[in-house]
file query32.cif (mmCIF, C-alpha atoms; chains and numbers go by the auth columns)
data_final
#
loop_
_atom_site.group_PDB
_atom_site.id
_atom_site.type_symbol
_atom_site.label_atom_id
_atom_site.label_comp_id
_atom_site.label_asym_id
_atom_site.label_seq_id
_atom_site.Cartn_x
_atom_site.Cartn_y
_atom_site.Cartn_z
_atom_site.B_iso_or_equiv
_atom_site.auth_seq_id
_atom_site.auth_asym_id
ATOM 1 C CA MET A 1 -55.682 -68.528 127.249 0.00 1 A
ATOM 2 C CA LEU A 2 -52.260 -67.921 125.752 0.00 2 A
ATOM 3 C CA VAL A 3 -51.623 -69.254 122.263 0.00 3 A
ATOM 4 C CA VAL A 4 -48.198 -70.446 121.168 0.00 4 A
ATOM 5 C CA GLU A 5 -47.007 -69.259 117.774 0.00 5 A
ATOM 6 C CA LEU A 6 -43.723 -70.564 116.460 0.00 6 A
ATOM 7 C CA GLY A 7 -41.586 -68.341 114.261 0.00 7 A
ATOM 8 C CA LEU A 8 -38.517 -70.426 113.504 0.00 8 A
ATOM 9 C CA TYR A 9 -35.552 -69.201 111.490 0.00 9 A
ATOM 10 C CA LEU A 10 -34.748 -71.119 108.303 0.00 10 A
ATOM 11 C CA ASP A 11 -31.181 -71.199 107.039 0.00 11 A
ATOM 12 C CA ARG A 12 -31.709 -72.326 103.437 0.00 12 A
ATOM 13 C CA PRO A 13 -33.350 -70.584 100.447 0.00 13 A
ATOM 14 C CA TYR A 14 -37.116 -70.542 100.026 0.00 14 A
ATOM 15 C CA ILE A 15 -37.012 -73.002 97.109 0.00 15 A
ATOM 16 C CA TYR A 16 -35.485 -75.680 99.377 0.00 16 A
ATOM 17 C CA TYR A 17 -38.467 -75.525 101.763 0.00 17 A
ATOM 18 C CA GLU A 18 -40.920 -75.200 98.873 0.00 18 A
ATOM 19 C CA ASP A 19 -39.641 -78.555 97.579 0.00 19 A
ATOM 20 C CA ILE A 20 -39.901 -80.167 101.045 0.00 20 A
ATOM 21 C CA LEU A 21 -43.498 -79.018 101.501 0.00 21 A
ATOM 22 C CA LYS A 22 -44.479 -80.213 98.019 0.00 22 A
ATOM 23 C CA GLN A 23 -42.886 -83.617 98.698 0.00 23 A
ATOM 24 C CA ASN A 24 -45.055 -83.852 101.830 0.00 24 A
ATOM 25 C CA GLY A 25 -48.279 -83.124 99.936 0.00 25 A
ATOM 26 C CA LEU A 26 -48.718 -79.418 100.739 0.00 26 A
ATOM 27 C CA LYS A 27 -49.645 -76.789 98.157 0.00 27 A
ATOM 28 C CA CYS A 28 -49.084 -73.056 98.247 0.00 28 A
ATOM 29 C CA VAL A 29 -52.641 -71.728 98.569 0.00 29 A
ATOM 30 C CA PHE A 30 -52.004 -68.036 99.198 0.00 30 A
ATOM 31 C CA GLU A 31 -49.201 -65.519 98.625 0.00 31 A
ATOM 32 C CA CYS A 32 -48.998 -61.828 99.342 0.00 32 A
ATOM 33 C CA VAL A 33 -46.679 -58.935 100.084 0.00 33 A
ATOM 34 C CA THR A 34 -47.428 -57.290 103.427 0.00 34 A
ATOM 35 C CA HIS A 35 -46.174 -53.868 104.476 0.00 35 A
ATOM 36 C CA ASP A 36 -46.523 -53.234 108.228 0.00 36 A
ATOM 37 C CA LEU A 37 -45.861 -49.917 109.938 0.00 37 A
ATOM 38 C CA TYR A 38 -45.769 -49.818 113.753 0.00 38 A
ATOM 39 C CA TYR A 39 -46.367 -46.638 115.766 0.00 39 A
ATOM 40 C CA THR A 40 -46.092 -46.102 119.490 0.00 40 A
ATOM 41 C CA ASN A 41 -46.084 -43.379 122.117 0.00 41 A
ATOM 42 C CA ASN A 42 -44.019 -45.607 124.419 0.00 42 A
ATOM 43 C CA ASP A 43 -40.405 -44.544 125.017 0.00 43 A
ATOM 44 C CA PHE A 44 -39.218 -48.189 125.093 0.00 44 A
ATOM 45 C CA SER A 45 -37.003 -47.459 128.089 0.00 45 A
ATOM 46 C CA ASN A 46 -38.144 -50.779 129.501 0.00 46 A
ATOM 47 C CA ILE A 47 -37.987 -52.836 126.294 0.00 47 A
ATOM 48 C CA ASP A 48 -35.520 -55.317 127.788 0.00 48 A
ATOM 49 C CA ASN A 49 -38.385 -56.691 129.834 0.00 49 A
ATOM 50 C CA MET A 50 -40.958 -56.740 127.017 0.00 50 A
ATOM 51 C CA THR A 51 -41.916 -59.912 125.207 0.00 51 A
ATOM 52 C CA GLU A 52 -42.622 -59.857 121.481 0.00 52 A
ATOM 53 C CA LYS A 53 -46.371 -59.766 122.219 0.00 53 A
ATOM 54 C CA GLU A 54 -46.021 -56.937 124.734 0.00 54 A
ATOM 55 C CA LEU A 55 -44.050 -54.973 122.163 0.00 55 A
ATOM 56 C CA LYS A 56 -46.812 -55.537 119.579 0.00 56 A
ATOM 57 C CA ASP A 57 -49.449 -54.560 122.142 0.00 57 A
ATOM 58 C CA VAL A 58 -47.939 -51.088 122.741 0.00 58 A
ATOM 59 C CA CYS A 59 -47.980 -50.349 119.011 0.00 59 A
ATOM 60 C CA ILE A 60 -50.614 -49.400 116.496 0.00 60 A
ATOM 61 C CA ARG A 61 -50.054 -51.572 113.423 0.00 61 A
ATOM 62 C CA VAL A 62 -50.924 -50.138 110.021 0.00 62 A
ATOM 63 C CA ARG A 63 -50.983 -52.901 107.395 0.00 63 A
ATOM 64 C CA LYS A 64 -51.147 -52.947 103.612 0.00 64 A
ATOM 65 C CA VAL A 65 -51.544 -56.254 101.759 0.00 65 A
ATOM 66 C CA ASN A 66 -50.435 -56.238 98.123 0.00 66 A
ATOM 67 C CA ASP A 67 -51.749 -53.069 96.452 0.00 67 A
ATOM 68 C CA GLY A 68 -54.649 -52.446 98.833 0.00 68 A
ATOM 69 C CA ASP A 69 -55.212 -49.589 101.231 0.00 69 A
ATOM 70 C CA TYR A 70 -53.509 -49.477 104.607 0.00 70 A
ATOM 71 C CA GLU A 71 -55.687 -50.854 107.412 0.00 71 A
ATOM 72 C CA ILE A 72 -55.243 -49.413 110.909 0.00 72 A
ATOM 73 C CA GLN A 73 -55.126 -52.276 113.421 0.00 73 A
ATOM 74 C CA ASN A 74 -54.738 -52.600 117.191 0.00 74 A
ATOM 75 C CA LYS A 75 -56.916 -49.635 118.069 0.00 75 A
ATOM 76 C CA ILE A 76 -55.127 -48.617 121.266 0.00 76 A
ATOM 77 C CA LEU A 77 -55.699 -44.980 120.357 0.00 77 A
ATOM 78 C CA LYS A 78 -59.468 -45.055 121.005 0.00 78 A
ATOM 79 C CA GLU A 79 -60.202 -41.448 119.997 0.00 79 A
ATOM 80 C CA TYR A 80 -58.753 -42.017 116.514 0.00 80 A
ATOM 81 C CA LYS A 81 -61.625 -43.132 114.267 0.00 81 A
ATOM 82 C CA ARG A 82 -59.996 -43.758 110.894 0.00 82 A
ATOM 83 C CA LYS A 83 -59.895 -47.450 109.887 0.00 83 A
ATOM 84 C CA LYS A 84 -58.216 -47.283 106.459 0.00 84 A
ATOM 85 C CA ILE A 85 -56.051 -44.903 104.484 0.00 85 A
ATOM 86 C CA LYS A 86 -54.797 -44.839 100.903 0.00 86 A
ATOM 87 C CA SER A 87 -51.102 -45.420 100.274 0.00 87 A
ATOM 88 C CA SER A 88 -50.746 -41.925 98.868 0.00 88 A
ATOM 89 C CA LYS A 89 -51.966 -40.475 102.199 0.00 89 A
ATOM 90 C CA ILE A 90 -49.642 -42.366 104.566 0.00 90 A
ATOM 91 C CA ASN A 91 -47.669 -39.184 105.351 0.00 91 A
ATOM 92 C CA LYS A 92 -50.937 -37.543 106.442 0.00 92 A
ATOM 93 C CA LEU A 93 -51.562 -40.463 108.804 0.00 93 A
ATOM 94 C CA GLU A 94 -48.103 -40.058 110.361 0.00 94 A
ATOM 95 C CA LYS A 95 -48.797 -36.362 110.966 0.00 95 A
ATOM 96 C CA GLU A 96 -52.128 -37.225 112.583 0.00 96 A
ATOM 97 C CA PHE A 97 -50.519 -39.856 114.812 0.00 97 A
ATOM 98 C CA LYS A 98 -47.805 -37.378 115.783 0.00 98 A
ATOM 99 C CA GLN A 99 -50.503 -35.070 117.176 0.00 99 A
ATOM 100 C CA TYR A 100 -51.348 -37.865 119.633 0.00 100 A
ATOM 101 C CA GLY A 101 -47.677 -38.413 120.531 0.00 101 A
ATOM 102 C CA TYR A 102 -47.143 -41.481 118.328 0.00 102 A
ATOM 103 C CA ARG A 103 -44.089 -42.059 116.159 0.00 103 A
ATOM 104 C CA LYS A 104 -43.118 -44.795 113.711 0.00 104 A
ATOM 105 C CA VAL A 105 -40.781 -47.379 115.241 0.00 105 A
ATOM 106 C CA PHE A 106 -40.891 -50.259 112.753 0.00 106 A
ATOM 107 C CA ASP A 107 -41.348 -50.494 108.998 0.00 107 A
ATOM 108 C CA THR A 108 -41.440 -54.090 107.757 0.00 108 A
ATOM 109 C CA ILE A 109 -42.067 -55.751 104.421 0.00 109 A
ATOM 110 C CA LYS A 110 -42.654 -59.485 104.172 0.00 110 A
ATOM 111 C CA TYR A 111 -43.444 -61.961 101.433 0.00 111 A
ATOM 112 C CA ASP A 112 -45.905 -64.467 102.849 0.00 112 A
ATOM 113 C CA HIS A 113 -46.401 -67.940 101.360 0.00 113 A
ATOM 114 C CA GLN A 114 -49.124 -70.056 102.995 0.00 114 A
ATOM 115 C CA TRP A 115 -49.052 -73.829 102.553 0.00 115 A
ATOM 116 C CA TYR A 116 -51.854 -76.306 103.172 0.00 116 A
ATOM 117 C CA LYS A 117 -53.036 -79.838 102.457 0.00 117 A
ATOM 118 C CA GLU A 118 -56.385 -81.533 102.968 0.00 118 A
ATOM 119 C CA GLY A 119 -57.045 -82.374 106.617 0.00 119 A
ATOM 120 C CA MET A 120 -54.886 -79.623 108.140 0.00 120 A
ATOM 121 C CA THR A 121 -56.453 -77.287 110.729 0.00 121 A
ATOM 122 C CA THR A 122 -53.949 -74.515 110.035 0.00 122 A
ATOM 123 C CA ARG A 123 -51.514 -73.297 107.397 0.00 123 A
ATOM 124 C CA VAL A 124 -47.740 -73.360 107.353 0.00 124 A
ATOM 125 C CA GLN A 125 -46.501 -69.842 106.650 0.00 125 A
ATOM 126 C CA LEU A 126 -43.116 -69.239 105.080 0.00 126 A
ATOM 127 C CA GLN A 127 -42.286 -65.559 105.476 0.00 127 A
ATOM 128 C CA GLU A 128 -39.398 -63.769 103.827 0.00 128 A
ATOM 129 C CA THR A 129 -39.008 -60.580 105.868 0.00 129 A
ATOM 130 C CA LYS A 130 -36.743 -57.736 104.809 0.00 130 A
ATOM 131 C CA ASP A 131 -33.758 -57.319 107.177 0.00 131 A
ATOM 132 C CA ILE A 132 -34.662 -60.592 108.958 0.00 132 A
ATOM 133 C CA GLY A 133 -34.611 -63.495 106.509 0.00 133 A
ATOM 134 C CA LEU A 134 -36.771 -66.561 105.991 0.00 134 A
ATOM 135 C CA LEU A 135 -38.938 -67.862 108.846 0.00 135 A
ATOM 136 C CA VAL A 136 -41.581 -70.549 109.194 0.00 136 A
ATOM 137 C CA PHE A 137 -44.622 -69.617 111.297 0.00 137 A
ATOM 138 C CA LEU A 138 -47.181 -71.991 112.748 0.00 138 A
ATOM 139 C CA ASP A 139 -49.917 -71.942 115.340 0.00 139 A
ATOM 140 C CA ASN A 140 -52.810 -74.366 115.454 0.00 140 A
ATOM 141 C CA LYS A 141 -56.194 -73.928 117.136 0.00 141 A
ATOM 142 C CA ALA A 142 -56.348 -77.700 117.621 0.00 142 A
ATOM 143 C CA TYR A 143 -53.671 -77.300 120.330 0.00 143 A
ATOM 144 C CA TYR A 144 -55.027 -74.231 122.172 0.00 144 A
ATOM 145 C CA GLU A 145 -56.438 -76.356 124.996 0.00 145 A
ATOM 146 C CA PHE A 146 -52.955 -77.588 125.937 0.00 146 A
ATOM 147 C CA ASP A 147 -50.471 -75.844 128.208 0.00 147 A
ATOM 148 C CA LEU A 148 -47.757 -73.751 126.547 0.00 148 A
ATOM 149 C CA GLU A 149 -45.050 -76.423 126.552 0.00 149 A
ATOM 150 C CA ASN A 150 -47.343 -79.057 125.039 0.00 150 A
ATOM 151 C CA GLN A 151 -48.615 -76.600 122.407 0.00 151 A
ATOM 152 C CA ARG A 152 -45.026 -75.871 121.461 0.00 152 A
ATOM 153 C CA ARG A 153 -44.052 -79.554 121.239 0.00 153 A
ATOM 154 C CA LYS A 154 -47.115 -80.372 119.134 0.00 154 A
ATOM 155 C CA LEU A 155 -46.329 -77.498 116.751 0.00 155 A
ATOM 156 C CA ILE A 156 -42.743 -78.697 116.341 0.00 156 A
ATOM 157 C CA ASP A 157 -43.968 -82.266 115.777 0.00 157 A
ATOM 158 C CA GLU A 158 -46.406 -80.978 113.162 0.00 158 A
ATOM 159 C CA LEU A 159 -43.722 -78.995 111.342 0.00 159 A
ATOM 160 C CA ASN A 160 -41.437 -82.014 111.385 0.00 160 A
ATOM 161 C CA SER A 161 -44.238 -84.151 109.895 0.00 161 A
ATOM 162 C CA TYR A 162 -44.127 -81.799 106.876 0.00 162 A
ATOM 163 C CA GLY A 163 -40.399 -82.381 106.345 0.00 163 A
ATOM 164 C CA PHE A 164 -38.754 -79.881 108.675 0.00 164 A
ATOM 165 C CA ASN A 165 -36.192 -80.984 111.244 0.00 165 A
ATOM 166 C CA PHE A 166 -36.543 -78.955 114.454 0.00 166 A
ATOM 167 C CA ASN A 167 -35.671 -79.938 118.016 0.00 167 A
ATOM 168 C CA TYR A 168 -37.895 -79.065 120.974 0.00 168 A
ATOM 169 C CA ASP A 169 -35.245 -76.682 122.271 0.00 169 A
ATOM 170 C CA THR A 170 -35.095 -74.666 119.021 0.00 170 A
ATOM 171 C CA LEU A 171 -36.002 -71.081 119.875 0.00 171 A
ATOM 172 C CA GLY A 172 -38.064 -68.852 117.619 0.00 172 A
ATOM 173 C CA LEU A 173 -36.963 -65.473 116.311 0.00 173 A
ATOM 174 C CA ASP A 174 -38.757 -62.391 117.674 0.00 174 A
ATOM 175 C CA LYS A 175 -39.007 -60.121 114.622 0.00 175 A
ATOM 176 C CA LEU A 176 -39.724 -56.782 116.291 0.00 176 A
ATOM 177 C CA ARG A 177 -37.172 -57.238 119.049 0.00 177 A
ATOM 178 C CA THR A 178 -34.613 -58.293 116.428 0.00 178 A
ATOM 179 C CA LEU A 179 -35.322 -55.188 114.348 0.00 179 A
ATOM 180 C CA TYR A 180 -35.181 -52.930 117.405 0.00 180 A
ATOM 181 C CA TYR A 181 -31.844 -54.238 118.691 0.00 181 A
ATOM 182 C CA ARG A 182 -30.384 -54.960 115.246 0.00 182 A
ATOM 183 C CA LYS A 183 -29.343 -58.380 116.532 0.00 183 A
ATOM 184 C CA GLU A 184 -31.168 -61.692 116.677 0.00 184 A
ATOM 185 C CA CYS A 185 -33.503 -62.058 119.680 0.00 185 A
ATOM 186 C CA PHE A 186 -35.088 -65.428 120.433 0.00 186 A
ATOM 187 C CA SER A 187 -37.844 -66.857 122.633 0.00 187 A
ATOM 188 C CA ASN A 188 -40.079 -69.918 123.014 0.00 188 A
ATOM 189 C CA ASN A 189 -43.238 -68.182 121.811 0.00 189 A
ATOM 190 C CA GLN A 190 -43.565 -65.378 119.260 0.00 190 A
ATOM 191 C CA ASN A 191 -47.022 -64.701 120.663 0.00 191 A
ATOM 192 C CA GLY A 192 -45.960 -64.674 124.319 0.00 192 A
#

call {"tool": "encode", "arguments": {"input": "query32.cif", "output": "structure tokens"}}
result
Amino acid sequence: MLVVELGLYLDRPYIYYEDILKQNGLKCVFECVTHDLYYTNNDFSNIDNMTEKELKDVCIRVRKVNDGDYEIQNKILKEYKRKKIKSSKINKLEKEFKQYGYRKVFDTIKYDHQWYKEGMTTRVQLQETKDIGLLVFLDNKAYYEFDLENQRRKLIDELNSYGFNFNYDTLGLDKLRTLYYRKECFSNNQNG
């Protein structure tokens, strides 16, 4: 089962969308700063043919939320047993990864604002990502049973019910591909 996740670019300041969501009954229920580091041993010679999800799948993601420790996610390097590392030891982690042929390819910082109102089965995420801009992210488990096109349409309809104004043909921004190419890269599904 493939899940559709929308990651749509927003062209106005955060406060504009904050006001729209409040007017539609949503409240900001969670905020954090997330620092993600991505490591791979892939040479990316074939990146033109990779989707955003495929690109994520060939990377080990190391994530820190707020002032916590870094958590090592996407355990594609099975022989590496560490699960967490302190911020002060991140250089040690990079040296350890290098021994396995991995190098850092992405370093992202995002400010995540999650919005919700009673009765929703998901949260609307407004993400301000360094070197990208402001995006709205949404997926919804209530739609997972539908085919990809219907999931996408339902997600757009849901966003529009909260005050956004997207068309069905609006493409989402692929963050990692955009960072890699240093130009905007779009697709129908940021999880596909």

call {"tool": "closest_atom_pairs", "arguments": {"input": "query32.cif", "of": "stretch 117-144 of chain A", "to": "stretch 20-23 of chain A", "cutoff": "12 Å", "atoms": "all atoms listed in the file", "output": "JSON lines"}}
result
{"residue": "A:Lys117", "atom": "CA", "partner": "A:Leu21", "partner_atom": "CA", "distance": 9.6}
{"residue": "A:Arg123", "atom": "CA", "partner": "A:Leu21", "partner_atom": "CA", "distance": 11.5}
{"residue": "A:Val124", "atom": "CA", "partner": "A:Leu21", "partner_atom": "CA", "distance": 9.2}
{"residue": "A:Gln125", "atom": "CA", "partner": "A:Leu21", "partner_atom": "CA", "distance": 10.9}
{"residue": "A:Leu126", "atom": "CA", "partner": "A:Leu21", "partner_atom": "CA", "distance": 10.4}
{"residue": "A:Val136", "atom": "CA", "partner": "A:Leu21", "partner_atom": "CA", "distance": 11.6}

call {"tool": "resolve_selection", "arguments": {"input": "query32.cif", "expression": "the PyMOL selection byres ((chain A and resi 73-90) around 12)", "output": "PDB file with C-alpha atoms, in the frame of the given file"}}
result
ATOM      1  CA  HIS A  35     -46.174 -53.868 104.476  1.00  0.00           C
ATOM      2  CA  ASP A  36     -46.523 -53.234 108.228  1.00  0.00           C
ATOM      3  CA  LEU A  37     -45.861 -49.917 109.938  1.00  0.00           C
ATOM      4  CA  TYR A  38     -45.769 -49.818 113.753  1.00  0.00           C
ATOM      5  CA  TYR A  39     -46.367 -46.638 115.766  1.00  0.00           C
ATOM      6  CA  THR A  40     -46.092 -46.102 119.490  1.00  0.00           C
ATOM      7  CA  ASN A  41     -46.084 -43.379 122.117  1.00  0.00           C
ATOM      8  CA  ASN A  42     -44.019 -45.607 124.419  1.00  0.00           C
ATOM      9  CA  LYS A  56     -46.812 -55.537 119.579  1.00  0.00           C
ATOM     10  CA  ASP A  57     -49.449 -54.560 122.142  1.00  0.00           C
ATOM     11  CA  VAL A  58     -47.939 -51.088 122.741  1.00  0.00           C
ATOM     12  CA  CYS A  59     -47.980 -50.349 119.011  1.00  0.00           C
ATOM     13  CA  ILE A  60     -50.614 -49.400 116.496  1.00  0.00           C
ATOM     14  CA  ARG A  61     -50.054 -51.572 113.423  1.00  0.00           C
ATOM     15  CA  VAL A  62     -50.924 -50.138 110.021  1.00  0.00           C
ATOM     16  CA  ARG A  63     -50.983 -52.901 107.395  1.00  0.00           C
ATOM     17  CA  LYS A  64     -51.147 -52.947 103.612  1.00  0.00           C
ATOM     18  CA  VAL A  65     -51.544 -56.254 101.759  1.00  0.00           C
ATOM     19  CA  ASN A  66     -50.435 -56.238  98.123  1.00  0.00           C
ATOM     20  CA  ASP A  67     -51.749 -53.069  96.452  1.00  0.00           C
ATOM     21  CA  GLY A  68     -54.649 -52.446  98.833  1.00  0.00           C
ATOM     22  CA  ASP A  69     -55.212 -49.589 101.231  1.00  0.00           C
ATOM     23  CA  TYR A  70     -53.509 -49.477 104.607  1.00  0.00           C
ATOM     24  CA  GLU A  71     -55.687 -50.854 107.412  1.00  0.00           C
ATOM     25  CA  ILE A  72     -55.243 -49.413 110.909  1.00  0.00           C
ATOM     26  CA  ASN A  91     -47.669 -39.184 105.351  1.00  0.00           C
ATOM     27  CA  LYS A  92     -50.937 -37.543 106.442  1.00  0.00           C
ATOM     28  CA  LEU A  93     -51.562 -40.463 108.804  1.00  0.00           C
ATOM     29  CA  GLU A  94     -48.103 -40.058 110.361  1.00  0.00           C
ATOM     30  CA  LYS A  95     -48.797 -36.362 110.966  1.00  0.00           C
ATOM     31  CA  GLU A  96     -52.128 -37.225 112.583  1.00  0.00           C
ATOM     32  CA  PHE A  97     -50.519 -39.856 114.812  1.00  0.00           C
ATOM     33  CA  LYS A  98     -47.805 -37.378 115.783  1.00  0.00           C
ATOM     34  CA  GLN A  99     -50.503 -35.070 117.176  1.00  0.00           C
ATOM     35  CA  TYR A 100     -51.348 -37.865 119.633  1.00  0.00           C
ATOM     36  CA  GLY A 101     -47.677 -38.413 120.531  1.00  0.00           C
ATOM     37  CA  TYR A 102     -47.143 -41.481 118.328  1.00  0.00           C
ATOM     38  CA  LYS A 104     -43.118 -44.795 113.711  1.00  0.00           C
TER      39      LYS A 104
END

call {"tool": "residues_around", "arguments": {"input": "query32.cif", "residues": "A:Val29", "least_positions_apart": "3", "cutoff": "10 Å", "atoms": "only C-alpha atoms", "output": "list in words"}}
result
Leu26, His113, Gln114, Trp115, Tyr116, Lys117 and Arg123 of chain A

call {"tool": "closest_residue", "arguments": {"input": "query32.cif", "among": "A:Gln127, A:Asn49, A:Ser161, A:Ser187", "to": "A:Asp174", "atoms": "only C-alpha atoms"}}
result
A:Ser187

call {"tool": "atom_distance", "arguments": {"input": "query32.cif", "atom1": "atom CA of A:Val3", "atom2": "atom CA of A:Asn191"}}
result
6.7 Å

call {"tool": "atom_distance", "arguments": {"input": "query32.cif", "atom1": "atom CA of A:Leu55", "atom2": "atom CA of A:Thr178"}}
result
11.5 Å

call {"tool": "closest_residue", "arguments": {"input": "query32.cif", "among": "A:Tyr9, A:Asn24, A:Arg152, A:Asn165", "to": "A:Glu118", "atoms": "all atoms listed in the file"}}
result
A:Asn24

call {"tool": "atom_distance", "arguments": {"input": "query32.cif", "atom1": "atom CA of A:Arg103", "atom2": "atom CA of A:Met50"}}
result
18.5 Å

call {"tool": "axis_aligned_box", "arguments": {"input": "query32.cif", "around": "stretch 20-36 of chain A", "padding_each_side": "6 Å", "output": "lines of an AutoDock Vina configuration file"}}
result
center_x = -46.3
center_y = -68.5
center_z = 103.1
size_x = 24.7
size_y = 42.6
size_z = 22.2

call {"tool": "resolve_selection", "arguments": {"input": "query32.cif", "expression": "the PyMOL selection byres ((chain A and resi 110) around 6)", "output": "compact mmCIF listing (two decimals) with C-alpha atoms, in the frame of the given file"}}
result
# COMPACT_ATOMS: atom_id res chain seq x y z
CA VAL A 33 -46.68 -58.94 100.08
CA THR A 34 -47.43 -57.29 103.43
CA ILE A 109 -42.07 -55.75 104.42
CA TYR A 111 -43.44 -61.96 101.43
CA GLU A 128 -39.40 -63.77 103.83
CA THR A 129 -39.01 -60.58 105.87

call {"tool": "closest_residue", "arguments": {"input": "query32.cif", "among": "A:Asp139, A:Glu18, A:Asp131, A:Glu149", "to": "A:Leu6", "atoms": "all atoms listed in the file"}}
result
A:Asp139

call {"tool": "closest_residue", "arguments": {"input": "query32.cif", "among": "A:Thr170, A:Thr122, A:Gln190, A:Asn160", "to": "A:Gly7", "atoms": "only C-alpha atoms"}}
result
A:Gln190

call {"tool": "closest_residue", "arguments": {"input": "query32.cif", "among": "A:Met1, A:Asp112, A:Lys154, A:Asp19", "to": "A:Cys32", "atoms": "only C-alpha atoms"}}
result
A:Asp112

call {"tool": "residues_around", "arguments": {"input": "query32.cif", "residues": "A:Leu155", "least_positions_apart": "6", "cutoff": "9 Å", "atoms": "only C-alpha atoms", "output": "PyMOL selection string"}}
result
chain A and resi 4-6+138-140+143

call {"tool": "closest_residue", "arguments": {"input": "query32.cif", "among": "A:Leu2, A:Leu8, A:Leu134, A:Cys185", "to": "A:Gly172", "atoms": "all atoms listed in the file"}}
result
A:Leu8

call {"tool": "decode", "arguments": {"input": "query32.cif", "residues": "stretch 124-170 of chain A", "atoms": "C-alpha atoms", "output": "CSV table (one decimal), in the first residue's frame"}}
result
chain,number,residue,atom,x,y,z
A,124,VAL,CA,-1.9,19.9,9.2
A,125,GLN,CA,1.8,20.5,9.3
A,126,LEU,CA,3.2,23.9,8.3
A,127,GLN,CA,7.0,23.5,7.9
A,128,GLU,CA,9.4,26.3,7.5
A,129,THR,CA,12.5,24.6,6.1
A,130,LYS,CA,15.9,26.3,5.7
A,131,ASP,CA,16.8,26.9,2.0
A,132,ILE,CA,13.4,25.7,0.9
A,133,GLY,CA,10.7,27.9,2.4
A,134,LEU,CA,7.2,27.3,3.8
A,135,LEU,CA,5.3,24.1,3.0
A,136,VAL,CA,2.1,22.5,4.1
A,137,PHE,CA,2.2,18.8,4.6
A,138,LEU,CA,-0.7,16.4,4.9
A,139,ASP,CA,-1.4,12.7,4.8
A,140,ASN,CA,-4.5,11.0,6.3
A,141,LYS,CA,-4.9,7.4,7.3
A,142,ALA,CA,-8.6,7.7,6.6
A,143,TYR,CA,-7.7,7.8,2.9
A,144,TYR,CA,-5.2,5.0,2.7
A,145,GLU,CA,-7.7,2.5,1.3
A,146,PHE,CA,-8.1,4.7,-1.8
A,147,ASP,CA,-6.0,4.6,-5.0
A,148,LEU,CA,-3.3,7.3,-5.2
A,149,GLU,CA,-5.2,9.7,-7.3
A,150,ASN,CA,-8.2,9.6,-5.0
A,151,GLN,CA,-6.0,9.9,-1.9
A,152,ARG,CA,-4.5,13.0,-3.4
A,153,ARG,CA,-7.8,14.6,-4.3
A,154,LYS,CA,-9.2,13.9,-0.9
A,155,LEU,CA,-6.1,15.5,0.7
A,156,ILE,CA,-6.4,18.6,-1.4
A,157,ASP,CA,-10.2,18.8,-0.6
A,158,GLU,CA,-9.3,18.5,3.1
A,159,LEU,CA,-6.7,21.3,2.9
A,160,ASN,CA,-9.1,23.5,1.1
A,161,SER,CA,-11.8,22.9,3.8
A,162,TYR,CA,-9.3,24.5,6.2
A,163,GLY,CA,-9.0,27.6,4.1
A,164,PHE,CA,-6.3,26.8,1.6
A,165,ASN,CA,-6.9,27.2,-2.1
A,166,PHE,CA,-5.2,24.4,-4.1
A,167,ASN,CA,-6.1,22.9,-7.4
A,168,TYR,CA,-5.9,19.1,-8.1
A,169,ASP,CA,-3.1,19.7,-10.5
A,170,THR,CA,-0.9,21.6,-8.0
